[in-house]
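Novice: The structure follows.
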Amino acid sequence: PRAAAMSEAQASLAVLSKVELRVSCKHLLDRDTLNKSDPCVLLLMQSQGQWMEVDRSEVIKSNLNPVFAKIFTVDYYFEEVQKLRFEVYDSHGHAGVGAHDDDFLGGMECTVGQVGTAGQEGTLPCPVRLTAPLAPLQIVAQKRVTKPLFLKYGKFAGKSTITVISEEISGNNGYVELAFRAKKLDDKDLFSKSDPFLEIYRIDDDRSEQLVYRTEVVKNNLSPVWEPFKVSLNSLCSCEEKRRLRCVVWDYDSRGKHDFIGEFFTTFEEMQKAMGENKVQWDCMNPKYKIKKRNYKNSGVVVLLDLKIHRVYSFLDYIMGGCQIHFTVAIDFTASNGDPRNSCSLHYINPYQPNEYLKALVAVGEICQDYDRQKFSALGFGARIPPKYEVSHDFAINFNPDNDECEGIQGVVESYQSCLPKIQLYGPTNVAPIISKVARVAADEERTREASQYFILLILTDGVVTDMADTREAIVRASYLPMSIIIVGVGNADFTDMQILDGDDGVLRSPKGEPVLRDIVQFVPFREFKNVS
């Protein structure tokens, strides 16, 4: 049974690699009367016969030939046919994207992998029905795909086309954080100052340029300070320090006709001089002015204020690097589980057979035990605990706050059985405090620079999360640490919240919109795990 369960787990992790997708469009339909369309692209992936939104791009104002700065990242499974759909909309405010048929500018379907098959006409339930027959487009195999956009019922969207460029992410999963400002930029506006923004392009071997990042617009300012941003080393320079980068400063125009201020060329190697207290600066040059004006010096200066490099290691990197695995078990003791004295309760104390929580704990814990140093931290949440019977969301189930560890999975079982009669099941179901507690330990470990431990948090819960926003924020923060979270759903409740946290059908984001750095959450309904084993 354990081997079957492990093979199931391994199958779910059989990701060959991750793929970055860059999207641009040409000749989009103009849906607006006074201005041009404000396009936004949605990426959907087929999951169990349904189209699920994975992510969406930024909205580009008044532009029929948009190049989106958003880089979509999808898992690439070699052995699966993964169907994608790109839908382009004219946005009338972010919340309304895709809400009305009139906003739809066209769509295109394709597959991710090297083994693709043609889609069947009209057989897929979708938000917008595209009945044009699908060619076997494999994005990874072709690297660059340009196809016409279709409206409903197979009608061409005029001359509109969409181009998707794919790039497999190499094993180097580091990212860099950059902070730019500019000084004394040229003033392009007559009655006010320029509204500058910065674009960074990577120059590929074929001399084509890929947009890496587009900053926000700083209004009415000739010496703007742009918000710091993060990009992967793969996106920025294909992990090649000497690869050329082209940086362009524009004066924003609400009609889409941005004015060119200037440009400069650099490399990631040169950028790294800005680490620590140092700063690097470049003359922002307008080639036309350089030819025409005798005393032309520059159109302003762009300064790299700070650069931080972060290396991101996978779970496998930690294991192969000799890290010990530290497991923490967190058990849901909220009242929604039912009174432990009642036989219907998931925590029912039955002298003859284990309850649902014990079954889940033993089944999953025995697998985890093979990787651990035979000690488990064991925590509970959502109960009133002695001596004052105040609600706690991160208490040691052995009631020893100085040492919450138990000897192996059997030690956890014994502490659980001893703890249950002493507490009062209560609520609410707050998961964020447990995640944050383990994350603090992982952060302390990482600061030692030895990184000798990898932390896995196993959460056993009946499925309804009360602090969803705080939990999403805690997971995004934890994704930067040597830490993973396994959530096991106990019972037959609605596990929608857990599936959202898993992020399999889209990138999990914090309430402020920041995506996870790594996908660190795996959700398993115990009823399915039980059937496998």
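Naming works like this for the structure tokens: A, B, ... for the chains as they're shown, residue 1 at the start of each chain, ligands 1 onward in shown order.
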Based on DSSP run over this structure's backbone, return all residues of stretch 263-466 of chain A in alpha helix (DSSP H), as a PDB file with N, CA and C atoms, in the first residue's frame.

Specialist:
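Result file result_37.pdb:
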ATOM      1  N   PHE A 268      24.194  41.849 -17.618  1.00  0.00           N
ATOM      2  CA  PHE A 268      23.992  41.524 -16.210  1.00  0.00           C
ATOM      3  C   PHE A 268      25.324  41.568 -15.459  1.00  0.00           C
ATOM      4  N   GLU A 269      26.405  41.249 -16.149  1.00  0.00           N
ATOM      5  CA  GLU A 269      27.733  41.327 -15.550  1.00  0.00           C
ATOM      6  C   GLU A 269      28.024  42.756 -15.084  1.00  0.00           C
ATOM      7  N   GLU A 270      27.693  43.724 -15.934  1.00  0.00           N
ATOM      8  CA  GLU A 270      27.918  45.125 -15.579  1.00  0.00           C
ATOM      9  C   GLU A 270      26.974  45.563 -14.460  1.00  0.00           C
ATOM     10  N   MET A 271      25.728  45.092 -14.508  1.00  0.00           N
ATOM     11  CA  MET A 271      24.745  45.451 -13.474  1.00  0.00           C
ATOM     12  C   MET A 271      25.200  45.039 -12.074  1.00  0.00           C
ATOM     13  N   PRO A 287      19.764  58.393 -30.298  1.00  0.00           N
ATOM     14  CA  PRO A 287      20.690  58.389 -31.448  1.00  0.00           C
ATOM     15  C   PRO A 287      20.451  59.538 -32.423  1.00  0.00           C
ATOM     16  N   LYS A 288      19.187  59.949 -32.628  1.00  0.00           N
ATOM     17  CA  LYS A 288      18.895  61.046 -33.564  1.00  0.00           C
ATOM     18  C   LYS A 288      19.484  62.366 -33.051  1.00  0.00           C
ATOM     19  N   TYR A 289      19.332  62.622 -31.755  1.00  0.00           N
ATOM     20  CA  TYR A 289      19.883  63.840 -31.176  1.00  0.00           C
ATOM     21  C   TYR A 289      21.404  63.837 -31.246  1.00  0.00           C
ATOM     22  N   LYS A 290      21.991  62.677 -31.097  1.00  0.00           N
ATOM     23  CA  LYS A 290      23.453  62.562 -31.116  1.00  0.00           C
ATOM     24  C   LYS A 290      24.015  62.975 -32.474  1.00  0.00           C
ATOM     25  N   ILE A 291      23.248  62.647 -33.535  1.00  0.00           N
ATOM     26  CA  ILE A 291      23.685  63.002 -34.890  1.00  0.00           C
ATOM     27  C   ILE A 291      23.430  64.486 -35.169  1.00  0.00           C
ATOM     28  N   LYS A 292      22.232  64.969 -34.732  1.00  0.00           N
ATOM     29  CA  LYS A 292      21.809  66.330 -35.089  1.00  0.00           C
ATOM     30  C   LYS A 292      22.440  67.417 -34.227  1.00  0.00           C
ATOM     31  N   PHE A 315      13.386  21.244  -3.891  1.00  0.00           N
ATOM     32  CA  PHE A 315      13.374  20.233  -2.836  1.00  0.00           C
ATOM     33  C   PHE A 315      14.478  19.203  -3.070  1.00  0.00           C
ATOM     34  N   LEU A 316      14.643  18.823  -4.365  1.00  0.00           N
ATOM     35  CA  LEU A 316      15.666  17.825  -4.714  1.00  0.00           C
ATOM     36  C   LEU A 316      17.072  18.362  -4.438  1.00  0.00           C
ATOM     37  N   ASP A 317      17.283  19.654  -4.700  1.00  0.00           N
ATOM     38  CA  ASP A 317      18.592  20.269  -4.416  1.00  0.00           C
ATOM     39  C   ASP A 317      18.945  20.126  -2.938  1.00  0.00           C
ATOM     40  N   TYR A 318      17.964  20.378  -2.075  1.00  0.00           N
ATOM     41  CA  TYR A 318      18.202  20.287  -0.633  1.00  0.00           C
ATOM     42  C   TYR A 318      18.524  18.846  -0.228  1.00  0.00           C
ATOM     43  N   ILE A 319      17.746  17.886  -0.751  1.00  0.00           N
ATOM     44  CA  ILE A 319      17.948  16.480  -0.381  1.00  0.00           C
ATOM     45  C   ILE A 319      19.312  15.994  -0.858  1.00  0.00           C
ATOM     46  N   MET A 320      19.624  16.279  -2.147  1.00  0.00           N
ATOM     47  CA  MET A 320      20.894  15.804  -2.714  1.00  0.00           C
ATOM     48  C   MET A 320      22.077  16.545  -2.108  1.00  0.00           C
ATOM     49  N   GLU A 356     -10.483   9.080  11.843  1.00  0.00           N
ATOM     50  CA  GLU A 356     -10.002   9.530  10.531  1.00  0.00           C
ATOM     51  C   GLU A 356      -8.679  10.289  10.631  1.00  0.00           C
ATOM     52  N   TYR A 357      -8.515  11.077  11.675  1.00  0.00           N
ATOM     53  CA  TYR A 357      -7.269  11.832  11.833  1.00  0.00           C
ATOM     54  C   TYR A 357      -6.089  10.893  12.097  1.00  0.00           C
ATOM     55  N   LEU A 358      -6.294   9.890  12.919  1.00  0.00           N
ATOM     56  CA  LEU A 358      -5.218   8.930  13.195  1.00  0.00           C
ATOM     57  C   LEU A 358      -4.860   8.133  11.947  1.00  0.00           C
ATOM     58  N   LYS A 359      -5.870   7.741  11.182  1.00  0.00           N
ATOM     59  CA  LYS A 359      -5.601   6.996   9.934  1.00  0.00           C
ATOM     60  C   LYS A 359      -4.749   7.846   8.989  1.00  0.00           C
ATOM     61  N   ALA A 360      -5.131   9.130   8.836  1.00  0.00           N
ATOM     62  CA  ALA A 360      -4.386  10.024   7.945  1.00  0.00           C
ATOM     63  C   ALA A 360      -2.978  10.267   8.478  1.00  0.00           C
ATOM     64  N   LEU A 361      -2.874  10.463   9.773  1.00  0.00           N
ATOM     65  CA  LEU A 361      -1.584  10.731  10.402  1.00  0.00           C
ATOM     66  C   LEU A 361      -0.615   9.576  10.186  1.00  0.00           C
ATOM     67  N   VAL A 362      -1.079   8.355  10.407  1.00  0.00           N
ATOM     68  CA  VAL A 362      -0.220   7.174  10.264  1.00  0.00           C
ATOM     69  C   VAL A 362       0.123   6.930   8.798  1.00  0.00           C
ATOM     70  N   ALA A 363      -0.886   7.039   7.911  1.00  0.00           N
ATOM     71  CA  ALA A 363      -0.671   6.744   6.485  1.00  0.00           C
ATOM     72  C   ALA A 363       0.360   7.687   5.866  1.00  0.00           C
ATOM     73  N   VAL A 364       0.200   8.982   6.123  1.00  0.00           N
ATOM     74  CA  VAL A 364       1.125   9.955   5.532  1.00  0.00           C
ATOM     75  C   VAL A 364       2.414  10.020   6.343  1.00  0.00           C
ATOM     76  N   GLY A 365       2.295   9.954   7.661  1.00  0.00           N
ATOM     77  CA  GLY A 365       3.462  10.081   8.532  1.00  0.00           C
ATOM     78  C   GLY A 365       4.476   8.982   8.331  1.00  0.00           C
ATOM     79  N   GLU A 366       4.033   7.774   8.035  1.00  0.00           N
ATOM     80  CA  GLU A 366       4.973   6.667   7.849  1.00  0.00           C
ATOM     81  C   GLU A 366       5.839   6.876   6.616  1.00  0.00           C
ATOM     82  N   ILE A 367       5.257   7.498   5.584  1.00  0.00           N
ATOM     83  CA  ILE A 367       6.051   7.813   4.388  1.00  0.00           C
ATOM     84  C   ILE A 367       7.082   8.885   4.724  1.00  0.00           C
ATOM     85  N   CYS A 368       6.616   9.932   5.416  1.00  0.00           N
ATOM     86  CA  CYS A 368       7.504  11.039   5.774  1.00  0.00           C
ATOM     87  C   CYS A 368       8.624  10.579   6.703  1.00  0.00           C
ATOM     88  N   GLN A 369       8.311   9.614   7.561  1.00  0.00           N
ATOM     89  CA  GLN A 369       9.248   9.156   8.579  1.00  0.00           C
ATOM     90  C   GLN A 369      10.537   8.616   7.972  1.00  0.00           C
ATOM     91  N   GLY A 408       9.196   9.897  16.653  1.00  0.00           N
ATOM     92  CA  GLY A 408       8.588   9.184  15.538  1.00  0.00           C
ATOM     93  C   GLY A 408       7.092   9.397  15.444  1.00  0.00           C
ATOM     94  N   ILE A 409       6.489   8.722  14.487  1.00  0.00           N
ATOM     95  CA  ILE A 409       5.053   8.881  14.263  1.00  0.00           C
ATOM     96  C   ILE A 409       4.258   8.300  15.424  1.00  0.00           C
ATOM     97  N   GLN A 410       4.801   7.254  16.057  1.00  0.00           N
ATOM     98  CA  GLN A 410       4.108   6.664  17.204  1.00  0.00           C
ATOM     99  C   GLN A 410       4.052   7.647  18.369  1.00  0.00           C
ATOM    100  N   GLY A 411       5.094   8.440  18.537  1.00  0.00           N
ATOM    101  CA  GLY A 411       5.104   9.465  19.578  1.00  0.00           C
ATOM    102  C   GLY A 411       4.042  10.533  19.328  1.00  0.00           C
ATOM    103  N   VAL A 412       3.836  10.880  18.060  1.00  0.00           N
ATOM    104  CA  VAL A 412       2.797  11.852  17.710  1.00  0.00           C
ATOM    105  C   VAL A 412       1.419  11.278  18.027  1.00  0.00           C
ATOM    106  N   VAL A 413       1.217  10.002  17.668  1.00  0.00           N
ATOM    107  CA  VAL A 413      -0.065   9.327  17.933  1.00  0.00           C
ATOM    108  C   VAL A 413      -0.367   9.334  19.433  1.00  0.00           C
ATOM    109  N   GLU A 414       0.632   9.010  20.231  1.00  0.00           N
ATOM    110  CA  GLU A 414       0.428   8.958  21.684  1.00  0.00           C
ATOM    111  C   GLU A 414       0.129  10.344  22.255  1.00  0.00           C
ATOM    112  N   SER A 415       0.839  11.375  21.765  1.00  0.00           N
ATOM    113  CA  SER A 415       0.587  12.738  22.234  1.00  0.00           C
ATOM    114  C   SER A 415      -0.816  13.193  21.831  1.00  0.00           C
ATOM    115  N   TYR A 416      -1.245  12.830  20.618  1.00  0.00           N
ATOM    116  CA  TYR A 416      -2.580  13.173  20.141  1.00  0.00           C
ATOM    117  C   TYR A 416      -3.648  12.540  21.036  1.00  0.00           C
ATOM    118  N   GLN A 417      -3.486  11.252  21.315  1.00  0.00           N
ATOM    119  CA  GLN A 417      -4.471  10.545  22.134  1.00  0.00           C
ATOM    120  C   GLN A 417      -4.518  11.086  23.559  1.00  0.00           C
ATOM    121  N   SER A 418      -3.370  11.523  24.073  1.00  0.00           N
ATOM    122  CA  SER A 418      -3.309  12.086  25.409  1.00  0.00           C
ATOM    123  C   SER A 418      -3.879  13.502  25.458  1.00  0.00           C
ATOM    124  N   CYS A 419      -3.697  14.235  24.364  1.00  0.00           N
ATOM    125  CA  CYS A 419      -4.105  15.642  24.302  1.00  0.00           C
ATOM    126  C   CYS A 419      -5.618  15.805  24.143  1.00  0.00           C
ATOM    127  N   ALA A 432      -2.823  30.296   9.068  1.00  0.00           N
ATOM    128  CA  ALA A 432      -1.651  31.166   8.877  1.00  0.00           C
ATOM    129  C   ALA A 432      -0.670  31.149  10.057  1.00  0.00           C
ATOM    130  N   PRO A 433      -1.144  31.151  11.333  1.00  0.00           N
ATOM    131  CA  PRO A 433      -0.174  31.161  12.449  1.00  0.00           C
ATOM    132  C   PRO A 433       0.762  29.956  12.447  1.00  0.00           C
ATOM    133  N   ILE A 434       0.248  28.768  12.103  1.00  0.00           N
ATOM    134  CA  ILE A 434       1.090  27.560  12.048  1.00  0.00           C
ATOM    135  C   ILE A 434       2.127  27.685  10.936  1.00  0.00           C
ATOM    136  N   ILE A 435       1.673  28.148   9.743  1.00  0.00           N
ATOM    137  CA  ILE A 435       2.597  28.298   8.612  1.00  0.00           C
ATOM    138  C   ILE A 435       3.688  29.301   8.970  1.00  0.00           C
ATOM    139  N   SER A 436       3.285  30.412   9.569  1.00  0.00           N
ATOM    140  CA  SER A 436       4.252  31.461   9.933  1.00  0.00           C
ATOM    141  C   SER A 436       5.235  30.971  10.988  1.00  0.00           C
ATOM    142  N   LYS A 437       4.755  30.150  11.913  1.00  0.00           N
ATOM    143  CA  LYS A 437       5.633  29.628  12.974  1.00  0.00           C
ATOM    144  C   LYS A 437       6.744  28.759  12.387  1.00  0.00           C
ATOM    145  N   VAL A 438       6.374  27.845  11.505  1.00  0.00           N
ATOM    146  CA  VAL A 438       7.382  26.978  10.872  1.00  0.00           C
ATOM    147  C   VAL A 438       8.286  27.808   9.960  1.00  0.00           C
ATOM    148  N   ALA A 439       7.692  28.801   9.276  1.00  0.00           N
ATOM    149  CA  ALA A 439       8.483  29.656   8.375  1.00  0.00           C
ATOM    150  C   ALA A 439       9.549  30.434   9.145  1.00  0.00           C
ATOM    151  N   ARG A 440       9.223  30.870  10.368  1.00  0.00           N
ATOM    152  CA  ARG A 440      10.219  31.596  11.168  1.00  0.00           C
ATOM    153  C   ARG A 440      11.415  30.714  11.492  1.00  0.00           C
ATOM    154  N   VAL A 441      11.149  29.455  11.811  1.00  0.00           N
ATOM    155  CA  VAL A 441      12.245  28.512  12.101  1.00  0.00           C
ATOM    156  C   VAL A 441      13.072  28.281  10.836  1.00  0.00           C
ATOM    157  N   ALA A 442      12.376  28.136   9.686  1.00  0.00           N
ATOM    158  CA  ALA A 442      13.076  27.920   8.413  1.00  0.00           C
ATOM    159  C   ALA A 442      13.917  29.139   8.050  1.00  0.00           C
ATOM    160  N   ALA A 443      13.386  30.341   8.325  1.00  0.00           N
ATOM    161  CA  ALA A 443      14.136  31.577   8.029  1.00  0.00           C
ATOM    162  C   ALA A 443      15.378  31.680   8.905  1.00  0.00           C
ATOM    163  N   ASP A 444      15.237  31.317  10.180  1.00  0.00           N
ATOM    164  CA  ASP A 444      16.399  31.327  11.081  1.00  0.00           C
ATOM    165  C   ASP A 444      17.467  30.356  10.597  1.00  0.00           C
ATOM    166  N   GLU A 445      17.018  29.194  10.123  1.00  0.00           N
ATOM    167  CA  GLU A 445      17.944  28.182   9.605  1.00  0.00           C
ATOM    168  C   GLU A 445      18.663  28.705   8.372  1.00  0.00           C
ATOM    169  N   GLU A 446      17.914  29.373   7.493  1.00  0.00           N
ATOM    170  CA  GLU A 446      18.505  29.874   6.257  1.00  0.00           C
ATOM    171  C   GLU A 446      19.536  30.964   6.543  1.00  0.00           C
ATOM    172  N   ARG A 447      19.284  31.750   7.586  1.00  0.00           N
ATOM    173  CA  ARG A 447      20.206  32.835   7.926  1.00  0.00           C
ATOM    174  C   ARG A 447      21.550  32.328   8.421  1.00  0.00           C
TER     175      ARG A 447
END

Novice: Would you kindly return, as a ChimeraX atom specification, each protein, DNA or RNA residue with an atom no farther than 7 Å from any atom of stretch 303-305 of chain A, considering only C-alpha atoms and excluding same-chain residues fewer than 5 positions away?

Specialist: /A:179-182,274,279-282

Novice: Skip A:Ser484 itself and residues of its chain fewer than 3 positions away, then list as a list in words all residues within 7 Å of it, counting only C-alpha atoms.

Specialist: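 Residues meeting the cut-off are Phe455, Ile456, Leu457, Ile520 and Val521 of chain A.
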
Novice: Those same residues - N, CA, C and O atoms - I'd like them written as a JSON list (two decimals), in the first residue's frame.

Specialist:
[["chain", "number", "residue", "atom", "x", "y", "z"],
["A", 455, "PHE", "N", 12.31, 22.08, 5.71],
["A", 455, "PHE", "CA", 11.16, 21.97, 6.60],
["A", 455, "PHE", "C", 9.90, 21.59, 5.82],
["A", 455, "PHE", "O", 9.58, 22.22, 4.81],
["A", 456, "ILE", "N", 9.23, 20.56, 6.30],
["A", 456, "ILE", "CA", 7.96, 20.15, 5.70],
["A", 456, "ILE", "C", 6.88, 20.23, 6.76],
["A", 456, "ILE", "O", 7.02, 19.66, 7.85],
["A", 457, "LEU", "N", 5.83, 20.96, 6.44],
["A", 457, "LEU", "CA", 4.69, 21.12, 7.34],
["A", 457, "LEU", "C", 3.54, 20.28, 6.81],
["A", 457, "LEU", "O", 3.08, 20.49, 5.69],
["A", 520, "ILE", "N", 4.85, 25.50, -3.39],
["A", 520, "ILE", "CA", 5.29, 24.73, -2.22],
["A", 520, "ILE", "C", 4.16, 23.97, -1.54],
["A", 520, "ILE", "O", 4.39, 23.28, -0.55],
["A", 521, "VAL", "N", 2.92, 24.10, -2.06],
["A", 521, "VAL", "CA", 1.78, 23.47, -1.40],
["A", 521, "VAL", "C", 1.26, 22.29, -2.24],
["A", 521, "VAL", "O", 1.07, 22.41, -3.45]]

Novice: What is the distance, in Å and to one decimal place, between atom CA of A:Phe376 and atom CA of A:Thr461?

Specialist: 17.7 Å

Novice: Could you give me, as a list in words, the residues within 8 Å of A:Met45, counting only C-alpha atoms and dropping anything in the same chain fewer than 6 positions from it?

Specialist: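 Within the cut-off, the hits are Trp51, Met52, Glu53, Val54, Gln82, Lys83, Leu84, Arg85 and Asp505 of chain A.
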
Novice: Considering only C-alpha atoms, can you say which of A:Ile423, A:Ile397, A:Val176, A:Ile486 comes closest to A:Lys308?

Specialist: A:Val176

Novice: Can you tell me, as a list in words, which residues in stretch 252-313 of chain A count as strand (DSSP E or B) by DSSP?

Specialist: Asp259, Phe260, Ile261, Gly262, Glu263, Phe264, Phe265, Thr266, Thr267, Val280, Gln281, Trp282, Asp283, Met285, Val301, Val302, Val303, Leu304, Leu305, Asp306, Leu307, Lys308, Ile309 and His310 of chain A

Novice: Keeping only N, CA, C and O atoms, write those residues as an mmCIF file, in the first residue's frame.

Specialist:
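Saved as selection20.cif:
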data_model
loop_
_atom_site.group_PDB
_atom_site.id
_atom_site.type_symbol
_atom_site.label_atom_id
_atom_site.label_comp_id
_atom_site.auth_asym_id
_atom_site.auth_seq_id
_atom_site.Cartn_x
_atom_site.Cartn_y
_atom_site.Cartn_z
ATOM 1 N N ASP A 259 6.408 58.578 -26.414
ATOM 2 C CA ASP A 259 7.557 59.286 -26.992
ATOM 3 C C ASP A 259 8.856 58.666 -26.496
ATOM 4 O O ASP A 259 9.034 58.451 -25.294
ATOM 5 N N PHE A 260 9.766 58.418 -27.428
ATOM 6 C CA PHE A 260 11.078 57.857 -27.111
ATOM 7 C C PHE A 260 11.953 58.922 -26.449
ATOM 8 O O PHE A 260 12.137 60.008 -26.998
ATOM 9 N N ILE A 261 12.450 58.634 -25.250
ATOM 10 C CA ILE A 261 13.367 59.557 -24.571
ATOM 11 C C ILE A 261 14.807 59.156 -24.842
ATOM 12 O O ILE A 261 15.635 59.974 -25.241
ATOM 13 N N GLY A 262 15.132 57.882 -24.628
ATOM 14 C CA GLY A 262 16.501 57.434 -24.871
ATOM 15 C C GLY A 262 16.694 55.978 -24.508
ATOM 16 O O GLY A 262 15.766 55.322 -24.012
ATOM 17 N N GLU A 263 17.895 55.471 -24.757
ATOM 18 C CA GLU A 263 18.190 54.062 -24.511
ATOM 19 C C GLU A 263 19.644 53.904 -24.099
ATOM 20 O O GLU A 263 20.470 54.804 -24.275
ATOM 21 N N PHE A 264 19.940 52.739 -23.545
ATOM 22 C CA PHE A 264 21.334 52.375 -23.272
ATOM 23 C C PHE A 264 21.438 50.850 -23.295
ATOM 24 O O PHE A 264 20.437 50.146 -23.184
ATOM 25 N N PHE A 265 22.659 50.359 -23.476
ATOM 26 C CA PHE A 265 22.908 48.921 -23.538
ATOM 27 C C PHE A 265 23.796 48.519 -22.360
ATOM 28 O O PHE A 265 24.693 49.268 -21.959
ATOM 29 N N THR A 266 23.539 47.327 -21.831
ATOM 30 C CA THR A 266 24.335 46.854 -20.703
ATOM 31 C C THR A 266 24.320 45.327 -20.687
ATOM 32 O O THR A 266 23.807 44.694 -21.607
ATOM 33 N N THR A 267 24.887 44.748 -19.651
ATOM 34 C CA THR A 267 24.860 43.298 -19.426
ATOM 35 C C THR A 267 24.591 43.062 -17.944
ATOM 36 O O THR A 267 24.758 43.970 -17.117
ATOM 37 N N VAL A 280 25.493 51.915 -10.225
ATOM 38 C CA VAL A 280 25.954 51.940 -11.609
ATOM 39 C C VAL A 280 25.024 52.871 -12.367
ATOM 40 O O VAL A 280 23.812 52.869 -12.141
ATOM 41 N N GLN A 281 25.582 53.686 -13.276
ATOM 42 C CA GLN A 281 24.712 54.566 -14.052
ATOM 43 C C GLN A 281 25.128 54.571 -15.518
ATOM 44 O O GLN A 281 26.264 54.269 -15.874
ATOM 45 N N TRP A 282 24.124 54.880 -16.367
ATOM 46 C CA TRP A 282 24.326 54.899 -17.807
ATOM 47 C C TRP A 282 23.750 56.196 -18.376
ATOM 48 O O TRP A 282 22.708 56.690 -17.897
ATOM 49 N N ASP A 283 24.406 56.717 -19.404
ATOM 50 C CA ASP A 283 23.822 57.829 -20.162
ATOM 51 C C ASP A 283 22.659 57.286 -20.985
ATOM 52 O O ASP A 283 22.793 56.268 -21.683
ATOM 53 N N MET A 285 20.659 57.644 -24.101
ATOM 54 C CA MET A 285 21.013 58.291 -25.363
ATOM 55 C C MET A 285 19.884 58.208 -26.389
ATOM 56 O O MET A 285 19.241 57.169 -26.542
ATOM 57 N N VAL A 301 20.151 60.486 -17.272
ATOM 58 C CA VAL A 301 20.988 59.404 -16.731
ATOM 59 C C VAL A 301 20.083 58.407 -16.015
ATOM 60 O O VAL A 301 19.177 58.814 -15.272
ATOM 61 N N VAL A 302 20.327 57.113 -16.242
ATOM 62 C CA VAL A 302 19.596 56.060 -15.526
ATOM 63 C C VAL A 302 20.556 55.404 -14.535
ATOM 64 O O VAL A 302 21.685 55.048 -14.899
ATOM 65 N N VAL A 303 20.097 55.276 -13.284
ATOM 66 C CA VAL A 303 20.950 54.756 -12.210
ATOM 67 C C VAL A 303 20.362 53.455 -11.674
ATOM 68 O O VAL A 303 19.159 53.378 -11.393
ATOM 69 N N LEU A 304 21.198 52.438 -11.549
ATOM 70 C CA LEU A 304 20.804 51.201 -10.865
ATOM 71 C C LEU A 304 21.189 51.366 -9.397
ATOM 72 O O LEU A 304 22.361 51.335 -9.040
ATOM 73 N N LEU A 305 20.177 51.591 -8.561
ATOM 74 C CA LEU A 305 20.420 51.887 -7.151
ATOM 75 C C LEU A 305 20.837 50.662 -6.355
ATOM 76 O O LEU A 305 21.646 50.741 -5.438
ATOM 77 N N ASP A 306 20.243 49.514 -6.714
ATOM 78 C CA ASP A 306 20.510 48.311 -5.912
ATOM 79 C C ASP A 306 20.248 47.070 -6.751
ATOM 80 O O ASP A 306 19.385 47.070 -7.644
ATOM 81 N N LEU A 307 21.027 46.030 -6.474
ATOM 82 C CA LEU A 307 20.848 44.738 -7.128
ATOM 83 C C LEU A 307 21.073 43.648 -6.089
ATOM 84 O O LEU A 307 22.079 43.655 -5.383
ATOM 85 N N LYS A 308 20.103 42.743 -5.973
ATOM 86 C CA LYS A 308 20.231 41.614 -5.055
ATOM 87 C C LYS A 308 19.979 40.329 -5.829
ATOM 88 O O LYS A 308 18.975 40.211 -6.534
ATOM 89 N N ILE A 309 20.900 39.389 -5.676
ATOM 90 C CA ILE A 309 20.738 38.090 -6.334
ATOM 91 C C ILE A 309 20.243 37.072 -5.306
ATOM 92 O O ILE A 309 20.778 36.986 -4.199
ATOM 93 N N HIS A 310 19.211 36.342 -5.670
ATOM 94 C CA HIS A 310 18.664 35.303 -4.807
ATOM 95 C C HIS A 310 18.711 33.968 -5.554
ATOM 96 O O HIS A 310 18.236 33.883 -6.677
#

Novice: Near A:Leu222, within 8 Å and counting only C-alpha atoms, which residues show up once chain neighbours fewer than 2 positions away are dropped, as a list in words?

Specialist: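 Residues near the query, excluding close chain neighbours: Ala182, Lys183, Lys184, Leu185, Asp186, Asp187, Lys193, Ser194, Asp195, Pro196, Asn220 and Pro224 of chain A.
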
Novice: How would the residues just chosen look if you wrote them out with C-alpha atoms as a PDB file, in the first residue's frame?

Specialist:
ATOM      1  CA  ALA A 182      16.625  58.299 -13.570  1.00  0.00           C
ATOM      2  CA  LYS A 183      17.891  61.865 -13.412  1.00  0.00           C
ATOM      3  CA  LYS A 184      17.304  64.918 -15.623  1.00  0.00           C
ATOM      4  CA  LEU A 185      15.392  63.157 -18.390  1.00  0.00           C
ATOM      5  CA  ASP A 186      14.364  65.127 -21.486  1.00  0.00           C
ATOM      6  CA  ASP A 187      10.989  66.847 -21.175  1.00  0.00           C
ATOM      7  CA  LYS A 193       6.866  67.203 -17.423  1.00  0.00           C
ATOM      8  CA  SER A 194       7.422  63.775 -18.985  1.00  0.00           C
ATOM      9  CA  ASP A 195       5.698  60.667 -17.567  1.00  0.00           C
ATOM     10  CA  PRO A 196       8.606  58.192 -17.843  1.00  0.00           C
ATOM     11  CA  ASN A 220       5.096  64.390 -14.292  1.00  0.00           C
ATOM     12  CA  PRO A 224      11.683  59.293 -11.425  1.00  0.00           C
TER      13      PRO A 224
END

Novice: I want to know what sits within 9 Å of A:Cys25, based on only C-alpha atoms, with residues of the same chain fewer than 5 positions away left out; could you give that as a PyMOL selection string?

Specialist: chain A and resi 64-68+88+146+160-164

Novice: Which of these, A:Val464, A:Ala330, A:Leu149, A:Leu481, has the shortest distance to A:Ile500 once you count only C-alpha atoms?

Specialist: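 Going through A:Val464, A:Ala330, A:Leu149, A:Leu481 one by one, the smallest distance to A:Ile500 is for A:Val464.
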
Novice: For a quick check of understanding, using only C-alpha atoms, which of A:Lys188, A:Arg477, A:Lys26, A:Lys230 has the smallest distance to A:Ser299?

Specialist: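 Result for the nearest residue to A:Ser299: A:Lys188.
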
Novice: Of the candidates A:Pro511, A:Ile349, A:Asp205, A:Tyr313, which shows the shortest atom-to-atom distance to A:Ser479, using only C-alpha atoms?

Specialist: A:Tyr313

Novice: Just to confirm, what's the straight-line distance from atom CA of A:Pro228 to atom CA of A:Val19 in Å (one decimal)?

Specialist: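 Separating atom CA of A:Pro228 from atom CA of A:Val19 is a distance of 24.5 Å.
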